[in-house]
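File shown here: start_25.csv, holding CSV, all heavy atoms.
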chain,number,residue,atom,x,y,z
A,1,MET,N,0.7,12.7,-11.3
A,1,MET,CA,0.6,11.3,-10.9
A,1,MET,C,1.4,11.2,-9.6
A,1,MET,O,1.0,10.4,-8.7
A,1,MET,CB,1.1,10.4,-11.9
A,1,MET,CG,0.9,9.0,-11.5
A,1,MET,SD,1.6,7.8,-12.6
A,1,MET,CE,0.4,6.9,-13.2
A,2,TRP,N,2.6,11.8,-9.5
A,2,TRP,CA,3.4,11.7,-8.3
A,2,TRP,C,2.7,12.3,-7.1
A,2,TRP,O,2.9,11.7,-6.0
A,2,TRP,CB,4.7,12.4,-8.5
A,2,TRP,CG,5.7,11.6,-9.4
A,2,TRP,CD1,6.1,12.0,-10.7
A,2,TRP,CD2,6.2,10.3,-9.2
A,2,TRP,NE1,6.9,11.0,-11.2
A,2,TRP,CE2,7.0,10.0,-10.3
A,2,TRP,CE3,6.2,9.5,-8.1
A,2,TRP,CZ2,7.7,8.8,-10.4
A,2,TRP,CZ3,6.9,8.3,-8.2
A,2,TRP,CH2,7.6,8.0,-9.3
A,3,ASP,N,1.9,13.3,-7.3
A,3,ASP,CA,1.1,13.8,-6.2
A,3,ASP,C,0.1,12.8,-5.6
A,3,ASP,O,0.0,12.6,-4.4
A,3,ASP,CB,0.3,15.1,-6.6
A,3,ASP,CG,1.2,16.2,-6.8
A,3,ASP,OD1,2.4,16.3,-6.3
A,3,ASP,OD2,0.8,17.2,-7.6
A,4,LEU,N,-0.5,12.0,-6.5
A,4,LEU,CA,-1.4,11.0,-6.1
A,4,LEU,C,-0.7,9.9,-5.4
A,4,LEU,O,-1.1,9.4,-4.3
A,4,LEU,CB,-2.2,10.4,-7.3
A,4,LEU,CG,-3.1,9.2,-7.0
A,4,LEU,CD1,-4.2,9.6,-6.0
A,4,LEU,CD2,-3.7,8.7,-8.3
A,5,VAL,N,0.5,9.5,-5.9
A,5,VAL,CA,1.3,8.4,-5.2
A,5,VAL,C,1.7,8.9,-3.8
A,5,VAL,O,1.6,8.1,-2.9
A,5,VAL,CB,2.6,8.1,-6.1
A,5,VAL,CG1,3.5,7.2,-5.3
A,5,VAL,CG2,2.2,7.5,-7.4
A,6,TRP,N,2.1,10.2,-3.7
A,6,TRP,CA,2.4,10.7,-2.4
A,6,TRP,C,1.2,10.7,-1.4
A,6,TRP,O,1.4,10.2,-0.3
A,6,TRP,CB,2.9,12.1,-2.6
A,6,TRP,CG,3.3,12.8,-1.3
A,6,TRP,CD1,2.5,13.7,-0.6
A,6,TRP,CD2,4.5,12.6,-0.5
A,6,TRP,NE1,3.1,14.0,0.6
A,6,TRP,CE2,4.4,13.4,0.6
A,6,TRP,CE3,5.6,11.8,-0.7
A,6,TRP,CZ2,5.3,13.4,1.6
A,6,TRP,CZ3,6.6,11.9,0.3
A,6,TRP,CH2,6.5,12.7,1.4
A,7,GLU,N,0.1,11.1,-1.9
A,7,GLU,CA,-1.1,11.2,-1.1
A,7,GLU,C,-1.5,9.8,-0.6
A,7,GLU,O,-1.8,9.6,0.6
A,7,GLU,CB,-2.3,11.8,-1.8
A,7,GLU,CG,-2.2,13.3,-2.0
A,7,GLU,CD,-3.3,13.8,-2.9
A,7,GLU,OE1,-4.4,13.3,-2.8
A,7,GLU,OE2,-3.1,14.8,-3.6
A,8,LEU,N,-1.5,8.8,-1.5
A,8,LEU,CA,-1.8,7.5,-1.1
A,8,LEU,C,-0.8,6.8,-0.2
A,8,LEU,O,-1.2,6.1,0.7
A,8,LEU,CB,-2.0,6.6,-2.4
A,8,LEU,CG,-3.2,7.0,-3.3
A,8,LEU,CD1,-3.2,6.2,-4.6
A,8,LEU,CD2,-4.5,6.9,-2.6
A,9,SER,N,0.5,7.1,-0.4
A,9,SER,CA,1.5,6.6,0.5
A,9,SER,C,1.3,7.1,1.9
A,9,SER,O,1.4,6.4,2.9
A,9,SER,CB,2.9,7.0,0.0
A,9,SER,OG,3.1,6.4,-1.3
A,10,VAL,N,1.0,8.4,2.0
A,10,VAL,CA,0.8,9.0,3.3
A,10,VAL,C,-0.4,8.4,4.0
A,10,VAL,O,-0.4,8.1,5.2
A,10,VAL,CB,0.7,10.6,3.2
A,10,VAL,CG1,0.2,11.2,4.5
A,10,VAL,CG2,2.0,11.2,2.8
A,11,ALA,N,-1.5,8.2,3.2
A,11,ALA,CA,-2.7,7.7,3.7
A,11,ALA,C,-2.5,6.3,4.3
A,11,ALA,O,-3.0,5.9,5.4
A,11,ALA,CB,-3.8,7.7,2.7
A,12,VAL,N,-1.8,5.4,3.6
A,12,VAL,CA,-1.5,4.1,4.0
A,12,VAL,C,-0.6,4.1,5.2
A,12,VAL,O,-0.8,3.4,6.2
A,12,VAL,CB,-0.9,3.2,2.9
A,12,VAL,CG1,-0.4,1.9,3.4
A,12,VAL,CG2,-2.0,3.0,1.8
A,13,SER,N,0.5,4.8,5.2
A,13,SER,CA,1.5,4.8,6.3
A,13,SER,C,1.0,5.4,7.6
A,13,SER,O,1.5,5.1,8.6
A,13,SER,CB,2.8,5.4,5.8
A,13,SER,OG,2.6,6.8,5.6
A,14,THR,N,0.0,6.3,7.5
A,14,THR,CA,-0.5,6.9,8.7
A,14,THR,C,-1.9,6.3,9.1
A,14,THR,O,-2.5,6.9,10.1
A,14,THR,CB,-0.6,8.4,8.5
A,14,THR,OG1,-1.5,8.7,7.5
A,14,THR,CG2,0.7,9.1,8.3
A,15,HIS,N,-2.3,5.3,8.5
A,15,HIS,CA,-3.6,4.7,8.8
A,15,HIS,C,-3.6,4.2,10.2
A,15,HIS,O,-2.6,3.6,10.7
A,15,HIS,CB,-3.9,3.6,7.8
A,15,HIS,CG,-5.3,3.1,7.9
A,15,HIS,ND1,-5.8,2.2,8.9
A,15,HIS,CD2,-6.4,3.4,7.2
A,15,HIS,CE1,-7.0,2.0,8.7
A,15,HIS,NE2,-7.5,2.7,7.7
A,16,PRO,N,-4.7,4.3,11.0
A,16,PRO,CA,-4.7,3.9,12.4
A,16,PRO,C,-4.5,2.4,12.6
A,16,PRO,O,-4.1,1.9,13.6
A,16,PRO,CB,-6.2,4.2,12.8
A,16,PRO,CG,-6.6,5.3,11.9
A,16,PRO,CD,-5.9,5.1,10.6
A,17,TYR,N,-4.7,1.6,11.5
A,17,TYR,CA,-4.4,0.1,11.6
A,17,TYR,C,-3.0,-0.2,12.1
A,17,TYR,O,-2.8,-1.1,12.9
A,17,TYR,CB,-4.6,-0.5,10.2
A,17,TYR,CG,-4.1,-1.9,10.1
A,17,TYR,CD1,-4.8,-3.0,10.7
A,17,TYR,CD2,-2.9,-2.2,9.5
A,17,TYR,CE1,-4.3,-4.3,10.6
A,17,TYR,CE2,-2.4,-3.5,9.5
A,17,TYR,CZ,-3.1,-4.5,10.0
A,17,TYR,OH,-2.6,-5.8,9.9
A,18,TRP,N,-2.0,0.6,11.7
A,18,TRP,CA,-0.6,0.3,12.1
A,18,TRP,C,-0.4,0.5,13.6
A,18,TRP,O,0.4,-0.1,14.2
A,18,TRP,CB,0.3,1.2,11.3
A,18,TRP,CG,0.2,0.9,9.8
A,18,TRP,CD1,-0.3,1.8,8.9
A,18,TRP,CD2,0.5,-0.3,9.1
A,18,TRP,NE1,-0.3,1.2,7.7
A,18,TRP,CE2,0.2,-0.1,7.8
A,18,TRP,CE3,1.0,-1.5,9.5
A,18,TRP,CZ2,0.4,-1.0,6.8
A,18,TRP,CZ3,1.2,-2.5,8.6
A,18,TRP,CH2,0.8,-2.3,7.2
A,19,ALA,N,-1.2,1.3,14.2
A,19,ALA,CA,-1.1,1.5,15.7
A,19,ALA,C,-1.6,0.3,16.5
A,19,ALA,O,-1.3,0.1,17.6
A,19,ALA,CB,-1.9,2.8,16.1
A,20,THR,N,-2.4,-0.6,15.8
A,20,THR,CA,-3.0,-1.7,16.5
A,20,THR,C,-2.0,-2.9,16.6
A,20,THR,O,-2.2,-3.8,17.3
A,20,THR,CB,-4.2,-2.3,15.8
A,20,THR,OG1,-3.9,-2.8,14.5
A,20,THR,CG2,-5.3,-1.2,15.6
A,21,LEU,N,-0.9,-2.8,15.9
A,21,LEU,CA,0.1,-3.9,15.9
A,21,LEU,C,1.2,-3.6,16.9
A,21,LEU,O,1.5,-2.5,17.2
A,21,LEU,CB,0.8,-4.0,14.5
A,21,LEU,CG,-0.2,-4.2,13.3
A,21,LEU,CD1,0.5,-4.1,12.0
A,21,LEU,CD2,-0.8,-5.6,13.5
A,22,GLU,N,1.7,-4.7,17.4
A,22,GLU,CA,2.8,-4.6,18.3
A,22,GLU,C,4.1,-4.0,17.6
A,22,GLU,O,4.3,-4.4,16.5
A,22,GLU,CB,3.2,-6.0,18.9
A,22,GLU,CG,2.1,-6.5,19.8
A,22,GLU,CD,2.6,-7.9,20.4
A,22,GLU,OE1,3.8,-8.1,20.6
A,22,GLU,OE2,1.7,-8.7,20.6
A,23,LYS,N,4.8,-3.2,18.3
A,23,LYS,CA,6.0,-2.6,17.7
A,23,LYS,C,7.0,-3.8,17.5
A,23,LYS,O,7.1,-4.7,18.3
A,23,LYS,CB,6.6,-1.6,18.7
A,23,LYS,CG,5.7,-0.4,19.0
A,23,LYS,CD,5.6,0.4,17.7
A,23,LYS,CE,4.7,1.6,18.1
A,23,LYS,NZ,4.0,2.2,17.1
A,24,ASP,N,7.7,-3.7,16.4
A,24,ASP,CA,8.7,-4.7,16.0
A,24,ASP,C,8.1,-6.1,15.6
A,24,ASP,O,8.6,-6.7,14.6
A,24,ASP,CB,9.8,-4.9,17.0
A,24,ASP,CG,10.5,-3.5,17.3
A,24,ASP,OD1,10.6,-2.7,16.4
A,24,ASP,OD2,10.9,-3.4,18.4
A,25,ALA,N,7.2,-6.6,16.4
A,25,ALA,CA,6.8,-8.0,16.2
A,25,ALA,C,5.9,-8.2,14.9
A,25,ALA,O,6.2,-9.0,14.1
A,25,ALA,CB,6.0,-8.5,17.4
A,26,GLY,N,4.9,-7.4,14.7
A,26,GLY,CA,3.9,-7.7,13.7
A,26,GLY,C,4.0,-6.8,12.5
A,26,GLY,O,3.3,-7.0,11.5
A,27,LEU,N,4.8,-5.7,12.5
A,27,LEU,CA,4.8,-4.7,11.5
A,27,LEU,C,5.2,-5.3,10.1
A,27,LEU,O,4.6,-5.1,9.1
A,27,LEU,CB,5.6,-3.5,11.8
A,27,LEU,CG,5.0,-2.6,12.9
A,27,LEU,CD1,6.0,-1.5,13.3
A,27,LEU,CD2,3.7,-2.1,12.6
A,28,VAL,N,6.3,-6.0,10.1
A,28,VAL,CA,6.9,-6.5,8.9
A,28,VAL,C,5.9,-7.5,8.2
A,28,VAL,O,5.6,-7.5,7.0
A,28,VAL,CB,8.3,-7.2,9.1
A,28,VAL,CG1,8.7,-7.9,7.8
A,28,VAL,CG2,9.3,-6.1,9.5
A,29,GLU,N,5.4,-8.4,9.1
A,29,GLU,CA,4.5,-9.4,8.6
A,29,GLU,C,3.2,-8.8,8.0
A,29,GLU,O,2.7,-9.2,7.0
A,29,GLU,CB,4.1,-10.5,9.7
A,29,GLU,CG,5.3,-11.4,10.0
A,29,GLU,CD,6.2,-10.7,11.1
A,29,GLU,OE1,5.9,-9.6,11.6
A,29,GLU,OE2,7.3,-11.3,11.3
A,30,ALA,N,2.7,-7.8,8.7
A,30,ALA,CA,1.5,-7.1,8.3
A,30,ALA,C,1.7,-6.4,7.0
A,30,ALA,O,0.8,-6.4,6.1
A,30,ALA,CB,1.0,-6.1,9.4
A,31,ARG,N,2.8,-5.7,6.8
A,31,ARG,CA,3.1,-5.0,5.6
A,31,ARG,C,3.2,-6.0,4.4
A,31,ARG,O,2.8,-5.7,3.3
A,31,ARG,CB,4.4,-4.2,5.7
A,31,ARG,CG,4.2,-3.0,6.6
A,31,ARG,CD,5.4,-2.1,6.6
A,31,ARG,NE,5.2,-1.0,7.5
A,31,ARG,CZ,6.0,-0.5,8.4
A,31,ARG,NH1,7.2,-1.1,8.5
A,31,ARG,NH2,5.8,0.5,9.1
A,32,MET,N,3.9,-7.2,4.7
A,32,MET,CA,4.0,-8.2,3.6
A,32,MET,C,2.6,-8.7,3.2
A,32,MET,O,2.4,-8.9,2.0
A,32,MET,CB,4.9,-9.3,4.0
A,32,MET,CG,6.4,-8.8,4.3
A,32,MET,SD,7.1,-8.0,2.8
A,32,MET,CE,7.2,-9.3,1.7
A,33,GLU,N,1.8,-8.9,4.2
A,33,GLU,CA,0.4,-9.4,3.9
A,33,GLU,C,-0.3,-8.4,3.0
A,33,GLU,O,-1.1,-8.7,2.1
A,33,GLU,CB,-0.4,-9.7,5.1
A,33,GLU,CG,0.0,-11.0,5.8
A,33,GLU,CD,-0.7,-11.2,7.1
A,33,GLU,OE1,-1.9,-10.7,7.2
A,33,GLU,OE2,-0.2,-11.8,8.0
A,34,LEU,N,-0.2,-7.1,3.4
A,34,LEU,CA,-0.8,-6.0,2.6
A,34,LEU,C,-0.4,-6.0,1.2
A,34,LEU,O,-1.2,-5.8,0.3
A,34,LEU,CB,-0.6,-4.7,3.3
A,34,LEU,CG,-1.2,-3.5,2.7
A,34,LEU,CD1,-2.8,-3.6,2.7
A,34,LEU,CD2,-0.8,-2.2,3.5
A,35,LYS,N,0.9,-6.2,1.0
A,35,LYS,CA,1.5,-6.2,-0.4
A,35,LYS,C,0.9,-7.3,-1.2
A,35,LYS,O,0.8,-7.2,-2.4
A,35,LYS,CB,3.0,-6.3,-0.3
A,35,LYS,CG,3.7,-5.1,0.1
A,35,LYS,CD,5.2,-5.3,0.1
A,35,LYS,CE,5.9,-4.1,0.6
A,35,LYS,NZ,7.4,-4.3,0.6
A,36,GLN,N,0.6,-8.4,-0.6
A,36,GLN,CA,0.1,-9.6,-1.3
A,36,GLN,C,-1.4,-9.6,-1.4
A,36,GLN,O,-2.0,-10.5,-2.1
A,36,GLN,CB,0.5,-10.9,-0.5
A,36,GLN,CG,2.0,-11.0,-0.5
A,36,GLN,CD,2.7,-11.0,-1.8
A,36,GLN,OE1,2.2,-11.6,-2.8
A,36,GLN,NE2,3.8,-10.3,-1.9
A,37,HIS,N,-2.1,-8.7,-0.8
A,37,HIS,CA,-3.6,-8.6,-0.9
A,37,HIS,C,-4.0,-8.5,-2.4
A,37,HIS,O,-3.4,-7.7,-3.1
A,37,HIS,CB,-4.1,-7.4,-0.1
A,37,HIS,CG,-5.6,-7.4,0.1
A,37,HIS,ND1,-6.4,-7.0,-0.9
A,37,HIS,CD2,-6.3,-7.8,1.1
A,37,HIS,CE1,-7.7,-7.2,-0.5
A,37,HIS,NE2,-7.6,-7.7,0.7
A,38,PRO,N,-5.0,-9.2,-2.8
A,38,PRO,CA,-5.4,-9.2,-4.2
A,38,PRO,C,-5.7,-7.8,-4.8
A,38,PRO,O,-5.4,-7.5,-5.9
A,38,PRO,CB,-6.7,-10.1,-4.3
A,38,PRO,CG,-6.6,-10.9,-3.1
A,38,PRO,CD,-5.8,-10.1,-2.1
A,39,LYS,N,-6.3,-6.9,-4.0
A,39,LYS,CA,-6.6,-5.6,-4.4
A,39,LYS,C,-5.4,-4.7,-4.5
A,39,LYS,O,-5.4,-3.6,-5.1
A,39,LYS,CB,-7.6,-4.9,-3.5
A,39,LYS,CG,-9.0,-5.6,-3.7
A,39,LYS,CD,-10.0,-4.8,-2.9
A,39,LYS,CE,-11.4,-5.4,-3.2
A,39,LYS,NZ,-12.5,-4.7,-2.4
A,40,ALA,N,-4.3,-5.1,-3.9
A,40,ALA,CA,-3.0,-4.3,-4.0
A,40,ALA,C,-2.3,-4.6,-5.3
A,40,ALA,O,-1.4,-3.8,-5.7
A,40,ALA,CB,-2.1,-4.7,-2.8
A,41,GLN,N,-2.6,-5.7,-6.0
A,41,GLN,CA,-1.9,-6.1,-7.2
A,41,GLN,C,-2.7,-5.6,-8.4
A,41,GLN,O,-3.9,-5.8,-8.5
A,41,GLN,CB,-1.8,-7.6,-7.3
A,41,GLN,CG,-1.1,-8.2,-6.1
A,41,GLN,CD,0.3,-7.7,-5.9
A,41,GLN,OE1,1.0,-7.6,-6.9
A,41,GLN,NE2,0.7,-7.4,-4.7
A,42,PRO,N,-2.1,-4.8,-9.3
A,42,PRO,CA,-2.8,-4.4,-10.5
A,42,PRO,C,-3.2,-5.5,-11.4
A,42,PRO,O,-2.4,-6.4,-11.5
A,42,PRO,CB,-1.8,-3.4,-11.2
A,42,PRO,CG,-0.5,-3.8,-10.7
A,42,PRO,CD,-0.7,-4.4,-9.3
A,43,ASP,N,-4.4,-5.5,-11.9
A,43,ASP,CA,-4.7,-6.6,-12.9
A,43,ASP,C,-4.1,-6.3,-14.2
A,43,ASP,O,-3.7,-5.2,-14.5
A,43,ASP,CB,-6.2,-6.8,-12.9
A,43,ASP,CG,-7.0,-5.6,-13.4
A,43,ASP,OD1,-6.4,-4.5,-13.4
A,43,ASP,OD2,-8.1,-5.7,-13.9
A,44,ALA,N,-4.1,-7.2,-15.1
A,44,ALA,CA,-3.5,-7.1,-16.4
A,44,ALA,C,-4.1,-6.0,-17.2
A,44,ALA,O,-3.5,-5.2,-17.9
A,44,ALA,CB,-3.5,-8.4,-17.1
A,45,ALA,N,-5.5,-5.9,-17.2
A,45,ALA,CA,-6.2,-4.9,-18.0
A,45,ALA,C,-5.8,-3.5,-17.5
A,45,ALA,O,-5.6,-2.6,-18.4
A,45,ALA,CB,-7.7,-5.1,-17.9
A,46,SER,N,-5.8,-3.2,-16.2
A,46,SER,CA,-5.5,-1.9,-15.8
A,46,SER,C,-4.1,-1.5,-16.0
A,46,SER,O,-3.7,-0.4,-16.3
A,46,SER,CB,-5.9,-1.7,-14.3
A,46,SER,OG,-5.1,-2.4,-13.5
A,47,ALA,N,-3.2,-2.5,-15.9
A,47,ALA,CA,-1.8,-2.3,-16.1
A,47,ALA,C,-1.5,-1.9,-17.6
A,47,ALA,O,-0.8,-1.0,-17.9
A,47,ALA,CB,-0.9,-3.5,-15.7
A,48,ALA,N,-2.2,-2.6,-18.5
A,48,ALA,CA,-2.1,-2.3,-19.9
A,48,ALA,C,-2.6,-0.9,-20.2
A,48,ALA,O,-2.0,-0.2,-21.0
A,48,ALA,CB,-2.8,-3.4,-20.7
A,49,SER,N,-3.8,-0.6,-19.7
A,49,SER,CA,-4.4,0.7,-19.9
A,49,SER,C,-3.5,1.8,-19.4
A,49,SER,O,-3.4,2.9,-20.0
A,49,SER,CB,-5.8,0.8,-19.4
A,49,SER,OG,-5.8,0.8,-18.0
A,50,ASP,N,-2.9,1.6,-18.2
A,50,ASP,CA,-1.9,2.6,-17.6
A,50,ASP,C,-0.7,2.8,-18.5
A,50,ASP,O,-0.2,3.9,-18.7
A,50,ASP,CB,-1.5,2.2,-16.2
A,50,ASP,CG,-2.6,2.2,-15.2
A,50,ASP,OD1,-3.6,2.9,-15.5
A,50,ASP,OD2,-2.5,1.7,-14.1
A,51,ALA,N,-0.2,1.7,-19.1
A,51,ALA,CA,0.9,1.7,-20.0
A,51,ALA,C,0.6,2.5,-21.3
A,51,ALA,O,1.4,3.3,-21.8
A,51,ALA,CB,1.4,0.4,-20.3
A,52,GLU,N,-0.6,2.3,-21.8
A,52,GLU,CA,-1.0,3.0,-23.0
A,52,GLU,C,-1.2,4.5,-22.7
A,52,GLU,O,-0.9,5.3,-23.6
A,52,GLU,CB,-2.3,2.4,-23.5
A,52,GLU,CG,-2.2,1.0,-24.1
A,52,GLU,CD,-3.5,0.4,-24.5
A,52,GLU,OE1,-4.5,1.1,-24.4
A,52,GLU,OE2,-3.5,-0.7,-24.9
A,53,ALA,N,-1.6,4.9,-21.5
A,53,ALA,CA,-1.9,6.3,-21.2
A,53,ALA,C,-0.6,7.0,-21.0
A,53,ALA,O,-0.5,8.2,-21.2
A,53,ALA,CB,-2.7,6.4,-19.9
A,54,ALA,N,0.5,6.3,-20.7
A,54,ALA,CA,1.8,7.0,-20.4
A,54,ALA,C,2.5,7.4,-21.6
A,54,ALA,O,2.4,7.6,-22.7
A,54,ALA,CB,2.7,6.1,-19.6
Could I get this file's structure written as structure tokens?
Amino acid sequence: MWDLVWELSVAVSTHPYWATLEKDAGLVEARMELKQHPKAQPDAASAASDAEAA
């Protein structure tokens, strides 16, 4: 599982989208918006199934 977390972290942090933002000005706001995106939040069903699998 840690390998998957690592791969996804690298994919997100090196995505070309980040190069489109101004340095310093929009990075923090863009990251906060990404964290709040509905697809970034696990739903209750998948969180429960993940907990059962562990």
| When you draw a straight line from atom CD1 of Leu34 of chain A to atom CG1 of Val12 of chain A, how long is it in Å? |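 Separation of atom CD1 of Leu34 of chain A and atom CG1 of Val12 of chain A: 6.0 Å.
Our summary of the geometry notes that atom CE3 of Trp18 of chain A is positioned 4.6 Å from atom CG of Arg31 of chain A.
Note that atom CE1 of His15 of chain A and atom CB of Glu29 of chain A are 16.7 Å apart.
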